[in-house]
$ cat query.txt   # compact mmCIF, C-alpha atoms
# COMPACT_ATOMS: atom_id res chain seq x y z
CA MET M 1 75.59 87.93 66.32
CA SER M 2 79.21 87.88 65.22
CA ILE M 3 80.28 89.40 61.93
CA PRO M 4 81.22 86.60 59.50
CA LEU M 5 84.81 86.85 58.31
CA THR M 6 85.42 86.37 54.61
CA ARG M 7 87.28 83.15 53.80
CA LEU M 8 89.11 82.21 50.67
CA GLY M 9 87.73 79.74 48.19
CA GLY M 10 90.09 76.87 48.87
CA GLY M 11 91.03 74.81 51.91
CA ALA M 12 93.44 76.28 54.42
CA PHE M 13 96.39 74.03 53.55
CA ASN M 14 98.03 73.26 50.21
CA HIS M 15 99.28 69.93 51.54
CA SER M 16 98.18 67.23 53.94
CA PRO M 17 98.84 68.90 57.29
CA SER M 18 99.68 67.17 60.53
CA GLY M 19 96.92 67.02 63.09
CA ASP M 20 98.81 69.48 65.26
CA ALA M 21 99.20 72.03 62.44
CA GLU M 22 95.54 71.95 61.51
CA ALA M 23 94.49 72.11 65.15
CA GLU M 24 96.67 75.15 65.78
CA TYR M 25 95.28 77.02 62.78
CA ASP M 26 91.70 76.20 63.79
CA ARG M 27 92.44 77.19 67.41
CA LEU M 28 93.63 80.65 66.40
CA ARG M 29 90.68 81.27 64.09
CA ASP M 30 88.25 80.04 66.75
CA LEU M 31 89.76 82.42 69.30
CA ALA M 32 89.38 85.27 66.83
CA ARG M 33 85.74 84.38 66.20
CA ALA M 34 85.07 84.26 69.94
CA GLU M 35 86.54 87.75 70.36
CA ALA M 36 84.42 88.96 67.44
CA GLY M 37 81.33 87.70 69.22
CA LYS M 38 82.31 89.47 72.44
CA ARG M 39 83.03 92.67 70.50
CA ASN M 40 79.63 92.65 68.86
CA SER M 41 77.90 91.93 72.16
CA CYS M 42 79.61 94.96 73.70
CA PHE M 43 78.62 97.16 70.79
CA ASP M 44 75.01 95.95 70.99
CA ARG M 45 74.85 96.71 74.72
CA ALA M 46 76.55 100.05 74.17
CA HIS M 47 73.88 100.93 71.63
CA GLN M 48 71.16 99.95 74.09
CA ALA M 49 72.78 102.03 76.82
CA TYR M 50 73.02 104.99 74.47
CA GLU M 51 69.33 104.69 73.61
CA ARG M 52 68.55 104.77 77.37
CA GLY M 53 70.57 107.94 77.71
CA GLU M 54 73.31 106.27 79.79
CA GLY M 55 76.28 107.81 78.04
CA ALA M 56 78.96 106.75 80.52
CA GLU M 57 77.96 103.09 80.36
CA ALA M 58 77.72 103.27 76.57
CA LYS M 59 81.24 104.67 76.36
CA GLU M 60 82.62 102.00 78.69
CA LEU M 61 80.98 99.20 76.70
CA SER M 62 82.22 100.69 73.44
CA ASN M 63 85.79 100.77 74.75
CA GLU M 64 85.44 97.18 75.95
CA GLY M 65 84.25 96.21 72.46
CA LYS M 66 87.32 97.87 70.95
CA ARG M 67 89.57 95.83 73.23
CA HIS M 68 87.92 92.62 72.05
CA ALA M 69 88.32 93.82 68.46
CA ALA M 70 92.06 94.28 69.04
CA LYS M 71 92.33 90.74 70.42
CA MET M 72 90.40 89.43 67.41
CA ASP M 73 92.84 91.16 65.06
CA GLU M 74 95.81 89.73 66.92
CA TYR M 75 94.52 86.14 66.79
CA ASN M 76 93.72 86.48 63.10
CA LYS M 77 97.20 87.89 62.47
CA GLN M 78 98.73 84.90 64.21
CA ALA M 79 96.59 82.51 62.15
CA SER M 80 97.45 84.33 58.92
CA ASP M 81 101.19 84.21 59.64
CA TYR M 82 100.99 80.57 60.68
CA ILE M 83 99.17 79.32 57.59
CA PHE M 84 101.36 81.41 55.30
CA ARG M 85 104.52 79.82 56.70
CA GLU M 86 102.98 76.36 56.37
CA ASN M 87 101.88 76.79 52.75
CA ASN M 88 104.91 78.72 51.50
CA ALA M 89 107.67 76.77 53.19
CA THR M 90 110.75 75.94 51.13
CA GLY M 91 110.01 73.00 48.87
CA ARG M 92 106.24 73.47 48.86
CA VAL M 93 106.08 76.28 46.31
CA ALA M 94 108.53 77.63 43.73
CA ASP M 95 110.39 80.88 44.28
CA ASP M 96 108.15 82.65 41.76
CA THR M 97 104.94 81.48 43.44
CA ILE M 98 102.88 82.63 46.39
CA ASP M 99 100.13 80.51 47.93
CA LEU M 100 97.29 82.40 49.62
CA HIS M 101 95.23 79.44 50.80
CA GLY M 102 93.85 79.84 54.31
CA GLN M 103 93.95 83.63 54.28
CA PHE M 104 90.96 85.90 54.69
CA VAL M 105 90.48 88.12 51.65
CA GLU M 106 91.71 91.25 53.42
CA GLU M 107 94.79 89.42 54.70
CA ALA M 108 95.56 88.02 51.27
CA GLU M 109 95.36 91.46 49.70
CA ASP M 110 97.96 92.88 52.10
CA ILE M 111 100.27 89.89 51.66
CA LEU M 112 100.06 90.03 47.88
CA GLU M 113 100.83 93.76 47.70
CA GLN M 114 103.90 93.28 49.89
CA ARG M 115 105.08 90.30 47.85
CA ILE M 116 104.65 92.12 44.53
CA ARG M 117 106.68 95.09 45.75
CA TYR M 118 109.39 92.82 47.14
CA ALA M 119 109.55 90.81 43.91
CA GLN M 120 109.81 93.93 41.77
CA GLN M 121 112.56 95.38 43.96
CA HIS M 122 114.54 92.15 43.52
CA GLY M 123 114.15 91.93 39.77
CA GLN M 124 111.51 89.23 39.48
CA THR M 125 109.71 89.34 36.15
CA HIS M 126 106.52 87.50 37.08
CA LEU M 127 104.56 85.92 39.91
CA HIS M 128 102.23 82.93 40.09
CA VAL M 129 99.47 83.53 42.62
CA ILE M 130 97.57 80.50 43.96
CA VAL M 131 94.06 81.61 44.87
CA GLY M 132 92.06 78.38 44.97
CA LYS M 133 89.09 77.38 42.84
CA GLY M 134 86.36 78.11 45.37
CA ASN M 135 85.50 74.46 45.91
CA HIS M 136 85.10 74.96 49.67
CA SER M 137 83.48 78.38 49.66
CA THR M 138 79.80 79.23 49.89
CA ASP M 139 78.12 78.46 46.55
CA HIS M 140 81.59 77.51 45.21
CA VAL M 141 82.30 81.15 44.36
CA GLN M 142 85.92 82.30 44.24
CA LYS M 143 86.25 85.14 46.71
CA LEU M 144 89.98 85.73 46.46
CA LYS M 145 90.43 85.83 42.69
CA PRO M 146 88.44 89.07 42.14
CA ARG M 147 90.45 90.80 44.86
CA VAL M 148 93.78 89.63 43.40
CA GLU M 149 92.69 90.94 40.01
CA GLN M 150 91.72 94.24 41.63
CA VAL M 151 95.17 94.55 43.23
CA CYS M 152 96.80 93.94 39.85
CA ARG M 153 94.67 96.63 38.22
CA GLU M 154 95.44 99.13 40.96
CA LEU M 155 99.18 98.47 40.55
CA GLY M 156 98.95 98.72 36.75
CA LEU M 157 99.94 95.08 36.20
CA GLN M 158 98.58 92.74 33.56
CA TYR M 159 97.52 89.23 34.53
CA ALA M 160 96.05 86.04 33.10
CA THR M 161 94.19 83.06 34.53
CA GLU M 162 96.30 79.94 34.11
CA GLU M 163 95.08 76.59 32.84
CA ASN M 164 94.48 75.72 36.46
CA ALA M 165 91.69 78.20 37.26
CA GLY M 166 92.96 78.45 40.83
CA ARG M 167 96.15 80.21 39.71
CA ILE M 168 96.85 83.66 38.28
CA TYR M 169 99.96 84.68 36.34
CA VAL M 170 101.07 88.28 36.92
CA ASN M 171 103.61 90.14 34.77
CA LEU M 172 105.61 92.29 37.18
CA GLN M 173 107.29 94.32 34.43
CA GLY M 174 104.19 96.07 33.12
CA GLY M 175 104.00 94.19 29.83
CA GLU M 176 101.55 91.67 28.48
CA ALA M 177 100.82 88.67 30.66
CA VAL M 178 102.28 86.04 28.32
CA MET M 179 103.59 83.05 30.22
CA PRO M 180 106.94 81.62 29.00
CA PRO M 181 107.14 77.90 28.27
CA LEU M 182 108.57 75.81 31.07
CA PRO M 183 110.30 72.44 31.13
CA HIS M 184 108.08 69.52 32.02
CA GLN M 185 107.08 69.59 35.67
CA PRO M 186 105.24 66.87 37.59
CA PRO M 187 101.74 67.97 38.60
CA THR M 188 101.34 69.28 42.13
CA GLN M 189 98.34 69.14 44.41
CA HIS M 190 97.16 72.45 42.96
CA GLY M 191 97.64 71.61 39.32
CA GLY M 192 101.29 72.39 38.62
CA TYR M 193 102.19 75.39 36.53
CA GLY M 194 99.00 75.38 34.49
CA TYR M 195 100.42 76.69 31.20
CA GLY M 196 98.71 76.27 27.88
CA GLU M 197 100.44 75.55 24.62
CA GLY M 198 103.23 77.98 23.80
CA GLY M 199 103.21 79.36 27.33
CA ARG M 200 100.07 81.43 26.75
CA PRO M 201 96.80 81.41 28.68
CA HIS M 202 95.10 78.12 28.01
CA GLY M 203 91.72 77.21 26.63
CA GLY M 204 90.61 80.60 25.38
CA GLN M 205 91.17 82.30 28.71
CA GLN M 206 91.76 85.97 28.12
CA GLN M 207 94.64 88.13 29.15
CA HIS M 208 93.76 91.07 31.34
CA HIS M 209 95.32 94.51 31.17
CA GLY M 210 96.20 96.60 34.18
CA ASP M 211 93.10 98.74 33.73
CA GLY M 212 90.89 95.67 34.18
CA ARG M 213 90.08 95.07 30.49
CA PRO M 214 90.53 91.67 28.86
CA GLN M 215 92.61 91.73 25.68
CA GLN M 216 89.51 91.93 23.47
CA HIS M 217 86.50 92.45 25.73
CA HIS M 218 85.72 94.34 28.91
CA GLN M 219 85.31 92.14 31.94
CA GLN M 220 82.70 93.06 34.48
CA GLU M 221 84.53 93.76 37.71
CA GLN M 222 83.60 91.50 40.58
CA GLN M 223 83.57 93.10 43.95
CA GLU M 224 82.24 91.84 47.25
CA GLN M 225 79.43 93.79 48.83
CA PRO M 226 80.32 95.19 52.29
CA ASP M 227 78.89 93.19 55.16
CA GLU M 228 75.67 94.84 56.32
CA ILE M 229 76.23 94.13 59.99
CA GLU M 230 79.74 95.55 59.88
CA ARG M 231 78.42 98.69 58.17
CA LEU M 232 75.81 99.20 60.87
CA VAL M 233 78.31 98.61 63.67
CA SER M 234 80.74 101.11 62.16
CA LYS M 235 77.98 103.68 61.76
CA PHE M 236 76.92 103.22 65.38
CA VAL M 237 80.48 103.48 66.71
CA ARG M 238 80.98 106.76 64.86
CA LYS M 239 77.71 108.08 66.29
CA LEU M 240 78.61 106.91 69.75
CA GLY M 241 82.00 108.59 69.50
CA ASP M 242 80.35 111.89 68.60
CA CYS M 243 77.99 111.75 71.53
CA CYS M 244 80.76 111.04 74.03
CA VAL M 245 83.22 113.74 73.00
CA VAL M 246 82.04 116.13 75.69
CA MET M 247 82.13 113.57 78.47
$ encode --input "query.txt" --output "C-alpha cells"
Amino acid sequence: MSIPLTRLGGGAFNHSPSGDAEAEYDRLRDLARAEAGKRNSCFDRAHQAYERGEGAEAKELSNEGKRHAAKMDEYNKQASDYIFRENNATGRVADDTIDLHGQFVEEAEDILEQRIRYAQQHGQTHLHVIVGKGNHSTDHVQKLKPRVEQVCRELGLQYATEENAGRIYVNLQGGEAVMPPLPHQPPTQHGGYGYGEGGRPHGGQQQHHGDGRPQQHHQQEQQEQPDEIERLVSKFVRKLGDCCVVM
C-alpha cells in the first residue's frame, strides 16, 4: 500500500487552467504516486526477505526501494515547480503575495521559508500567503494553514488571518501583524486582499504573535500526526541498515 501524500486544502490551480496544464500537473503527481507504490512494495518484500534470513536479497530490495523513492521525489519536485510557476506567474498574484495552492504541505513549507528570507533581504515589509480554505481536502480541514503558522512562529514573525480565511498576512519586520489599508481592488478568485476595516484583521479574527499566542488568548497549536505507515517503513529501513552493515 502506498503512503498517502499530504495535499493542501485548496484546488491545485488559482485560475482556470488549460487542459494541457492540468493534465501535465496530474501526470507528474501520478508518476510520483506510482513510484511510491513501487518503493513500498520493495520495502515490504525486503522486510519479508529479512524475516526469512535472506540478508543479501533484503539489502538488494531495500536499495531498489530507495531508487524508486528518489524517482518519486524527482516527479514531485517537477510537479511542485510546475504548479508554482502556473499560480505565481506575473499578473496572477501581486508582488507581495505567494500562492501555495497545489503544493504538498512539506513542499509549501520549504517554498515559504525561502520566500520569506528573500523578501526580508530585499526590504519587503509584509507577505500575503494564500493557503486555501480546505474546501477540497478530507473533512474540509485546512492542512496548510497550521504549517504556515508554525513556520511564522519558528521565524519569530507575527501573522493574522485575513478576512478571506484562505489567506494569511505576515509581518516580515517583527512587529505586530496590522494590515495597512489598501485602495479599492476588484475581488479575485481567492477573495482579493481580504482586509477588514482600518486594515486590521476582520471579524474578530485575532492577531498571532511569533511565539504562537493570539493577542489575547493562547491558541492551541495544530500539528499533523505523522503517517503511521511512513513511521513503520522508516523504522524498518533503519533496522535493515543495521543488519546489513557487516555484509
$ closest_residue --input "query.txt" --among "M:Val148, M:Leu155, M:Val105, M:Ile98" --to "Arg117 of chain M" --atoms "all atoms listed in the file"
M:Leu155
$ closest_residue --input "query.txt" --among "M:Ala56, M:Ala34, M:Val93, M:Ile130" --to "Asp73 of chain M" --atoms "all atoms listed in the file"
M:Ala34
$ residues_near_point --input "query.txt" --point "(107.3, 86.0, 41.2)" --cutoff "10 Å" --atoms "only C-alpha atoms" --output "mmCIF file with C-alpha atoms, in the coordinates of the input"
data_model
loop_
_atom_site.group_PDB
_atom_site.id
_atom_site.type_symbol
_atom_site.label_atom_id
_atom_site.label_comp_id
_atom_site.auth_asym_id
_atom_site.auth_seq_id
_atom_site.Cartn_x
_atom_site.Cartn_y
_atom_site.Cartn_z
ATOM 1 C CA ALA M 94 108.530 77.630 43.730
ATOM 2 C CA ASP M 95 110.390 80.880 44.280
ATOM 3 C CA ASP M 96 108.150 82.650 41.760
ATOM 4 C CA THR M 97 104.940 81.480 43.440
ATOM 5 C CA ILE M 98 102.880 82.630 46.390
ATOM 6 C CA ARG M 115 105.080 90.300 47.850
ATOM 7 C CA ILE M 116 104.650 92.120 44.530
ATOM 8 C CA TYR M 118 109.390 92.820 47.140
ATOM 9 C CA ALA M 119 109.550 90.810 43.910
ATOM 10 C CA GLN M 120 109.810 93.930 41.770
ATOM 11 C CA HIS M 122 114.540 92.150 43.520
ATOM 12 C CA GLY M 123 114.150 91.930 39.770
ATOM 13 C CA GLN M 124 111.510 89.230 39.480
ATOM 14 C CA THR M 125 109.710 89.340 36.150
ATOM 15 C CA HIS M 126 106.520 87.500 37.080
ATOM 16 C CA LEU M 127 104.560 85.920 39.910
ATOM 17 C CA HIS M 128 102.230 82.930 40.090
ATOM 18 C CA VAL M 129 99.470 83.530 42.620
ATOM 19 C CA TYR M 169 99.960 84.680 36.340
ATOM 20 C CA VAL M 170 101.070 88.280 36.920
ATOM 21 C CA ASN M 171 103.610 90.140 34.770
ATOM 22 C CA LEU M 172 105.610 92.290 37.180
#
$ atom_distance --input "query.txt" --atom1 "atom CA of Asp81 of chain M" --atom2 "atom CA of Ala108 of chain M"
10.8 Å
$ atom_distance --input "query.txt" --atom1 "atom CA of Gly166 of chain M" --atom2 "atom CA of Phe104 of chain M"
15.9 Å
$ residues_around --input "query.txt" --residues "Ala165 of chain M" --least-positions-apart "2" --cutoff "9 Å" --atoms "only C-alpha atoms" --output "list of chain:residue names"
M:Val131, M:Gly132, M:Lys133, M:Thr161, M:Glu162, M:Glu163, M:Arg167, M:Ile168, M:Gly194
$ write_last_selection --input "query.txt" --atoms "C-alpha atoms" --output "CSV table (one decimal), in the frame of the given file"
chain,number,residue,atom,x,y,z
M,131,VAL,CA,94.1,81.6,44.9
M,132,GLY,CA,92.1,78.4,45.0
M,133,LYS,CA,89.1,77.4,42.8
M,161,THR,CA,94.2,83.1,34.5
M,162,GLU,CA,96.3,79.9,34.1
M,163,GLU,CA,95.1,76.6,32.8
M,167,ARG,CA,96.2,80.2,39.7
M,168,ILE,CA,96.8,83.7,38.3
M,194,GLY,CA,99.0,75.4,34.5
$ atom_distance --input "query.txt" --atom1 "atom CA of Leu31 of chain M" --atom2 "atom CA of Met72 of chain M"
7.3 Å
$ closest_residue --input "query.txt" --among "M:Tyr25, M:Phe84, M:Phe43, M:Tyr159" --to "Glu64 of chain M" --atoms "only C-alpha atoms"
M:Phe43
$ residues_around --input "query.txt" --residues "Ser80 of chain M" --least-positions-apart "4" --cutoff "10 Å" --atoms "all atoms listed in the file" --output "list in words"
Tyr25, Leu28, Arg29, Glu74, Tyr75, Asn76, Phe84, Arg85, Leu100, His101, Gly102, Gln103, Phe104, Glu107, Ala108 and Ile111 of chain M
$ residues_around --input "query.txt" --residues "Asp30 of chain M" --least-positions-apart "6" --cutoff "12 Å" --atoms "all atoms listed in the file" --output "ChimeraX atom specification"
/M:5,23-24,36-37,72,75-76,78-79
$ closest_residue --input "query.txt" --among "M:Ile83, M:Ala69, M:Ala58, M:Cys42" --to "Glu22 of chain M" --atoms "only C-alpha atoms"
M:Ile83
$ closest_residue --input "query.txt" --among "M:Arg27, M:Gly65, M:Ala21, M:Gly55" --to "Ser41 of chain M" --atoms "all atoms listed in the file"
M:Gly65
$ build_atoms --input "query.txt" --residues "segment 57-82 of chain M" --atoms "N, CA, C and O atoms" --output "compact mmCIF listing (two decimals), in the coordinates of the input"
# COMPACT_ATOMS: atom_id res chain seq x y z
N GLU M 57 77.95 104.54 80.55
CA GLU M 57 77.96 103.09 80.36
C GLU M 57 78.18 102.74 78.89
O GLU M 57 78.91 101.80 78.56
N ALA M 58 77.56 103.51 78.00
CA ALA M 58 77.72 103.27 76.57
C ALA M 58 79.19 103.42 76.16
O ALA M 58 79.72 102.61 75.40
N LYS M 59 79.83 104.44 76.68
CA LYS M 59 81.24 104.67 76.36
C LYS M 59 82.11 103.54 76.88
O LYS M 59 83.02 103.05 76.19
N GLU M 60 81.84 103.10 78.11
CA GLU M 60 82.62 102.00 78.69
C GLU M 60 82.46 100.71 77.88
O GLU M 60 83.44 100.01 77.61
N LEU M 61 81.22 100.41 77.49
CA LEU M 61 80.98 99.20 76.70
C LEU M 61 81.62 99.30 75.32
O LEU M 61 82.13 98.32 74.77
N SER M 62 81.59 100.50 74.74
CA SER M 62 82.22 100.69 73.44
C SER M 62 83.73 100.45 73.52
O SER M 62 84.32 99.79 72.66
N ASN M 63 84.35 100.97 74.58
CA ASN M 63 85.79 100.77 74.75
C ASN M 63 86.12 99.30 74.98
O ASN M 63 87.14 98.79 74.49
N GLU M 64 85.23 98.61 75.74
CA GLU M 64 85.44 97.18 75.95
C GLU M 64 85.34 96.43 74.62
O GLU M 64 86.12 95.51 74.34
N GLY M 65 84.38 96.82 73.77
CA GLY M 65 84.25 96.21 72.46
C GLY M 65 85.49 96.41 71.60
O GLY M 65 85.92 95.51 70.88
N LYS M 66 86.09 97.59 71.71
CA LYS M 66 87.32 97.87 70.95
C LYS M 66 88.47 96.99 71.42
O LYS M 66 89.31 96.56 70.62
N ARG M 67 88.51 96.71 72.72
CA ARG M 67 89.57 95.83 73.23
C ARG M 67 89.40 94.42 72.70
O ARG M 67 90.39 93.75 72.34
N HIS M 68 88.15 93.95 72.63
CA HIS M 68 87.92 92.62 72.05
C HIS M 68 88.26 92.63 70.56
O HIS M 68 88.77 91.63 70.03
N ALA M 69 87.98 93.73 69.88
CA ALA M 69 88.32 93.82 68.46
C ALA M 69 89.83 93.73 68.26
O ALA M 69 90.30 93.10 67.30
N ALA M 70 90.60 94.34 69.15
CA ALA M 70 92.06 94.28 69.04
C ALA M 70 92.56 92.86 69.25
O ALA M 70 93.48 92.40 68.55
N LYS M 71 91.94 92.14 70.20
CA LYS M 71 92.33 90.74 70.42
C LYS M 71 91.96 89.90 69.20
O LYS M 71 92.72 89.01 68.80
N MET M 72 90.80 90.15 68.61
CA MET M 72 90.40 89.43 67.41
C MET M 72 91.43 89.63 66.30
O MET M 72 91.85 88.67 65.64
N ASP M 73 91.85 90.88 66.10
CA ASP M 73 92.84 91.16 65.06
C ASP M 73 94.15 90.44 65.33
O ASP M 73 94.79 89.93 64.40
N GLU M 74 94.55 90.38 66.58
CA GLU M 74 95.81 89.73 66.92
C GLU M 74 95.75 88.22 66.66
O GLU M 74 96.69 87.64 66.10
N TYR M 75 94.64 87.58 67.05
CA TYR M 75 94.52 86.14 66.79
C TYR M 75 94.48 85.85 65.29
O TYR M 75 95.08 84.88 64.81
N ASN M 76 93.77 86.68 64.55
CA ASN M 76 93.72 86.48 63.10
C ASN M 76 95.09 86.70 62.46
O ASN M 76 95.45 86.00 61.51
N LYS M 77 95.85 87.67 62.99
CA LYS M 77 97.20 87.89 62.47
C LYS M 77 98.07 86.67 62.72
O LYS M 77 98.84 86.24 61.84
N GLN M 78 97.95 86.10 63.91
CA GLN M 78 98.73 84.90 64.21
C GLN M 78 98.35 83.74 63.29
O GLN M 78 99.22 83.01 62.80
N ALA M 79 97.05 83.58 63.04
CA ALA M 79 96.59 82.51 62.15
C ALA M 79 97.07 82.74 60.73
O ALA M 79 97.50 81.80 60.04
N SER M 80 97.00 83.99 60.27
CA SER M 80 97.45 84.33 58.92
C SER M 80 98.94 84.03 58.75
O SER M 80 99.36 83.41 57.76
N ASP M 81 99.75 84.46 59.72
CA ASP M 81 101.19 84.21 59.64
C ASP M 81 101.49 82.71 59.68
O ASP M 81 102.36 82.21 58.96
N TYR M 82 100.75 82.00 60.51
CA TYR M 82 100.99 80.57 60.68
C TYR M 82 100.70 79.81 59.39
O TYR M 82 101.52 79.01 58.93
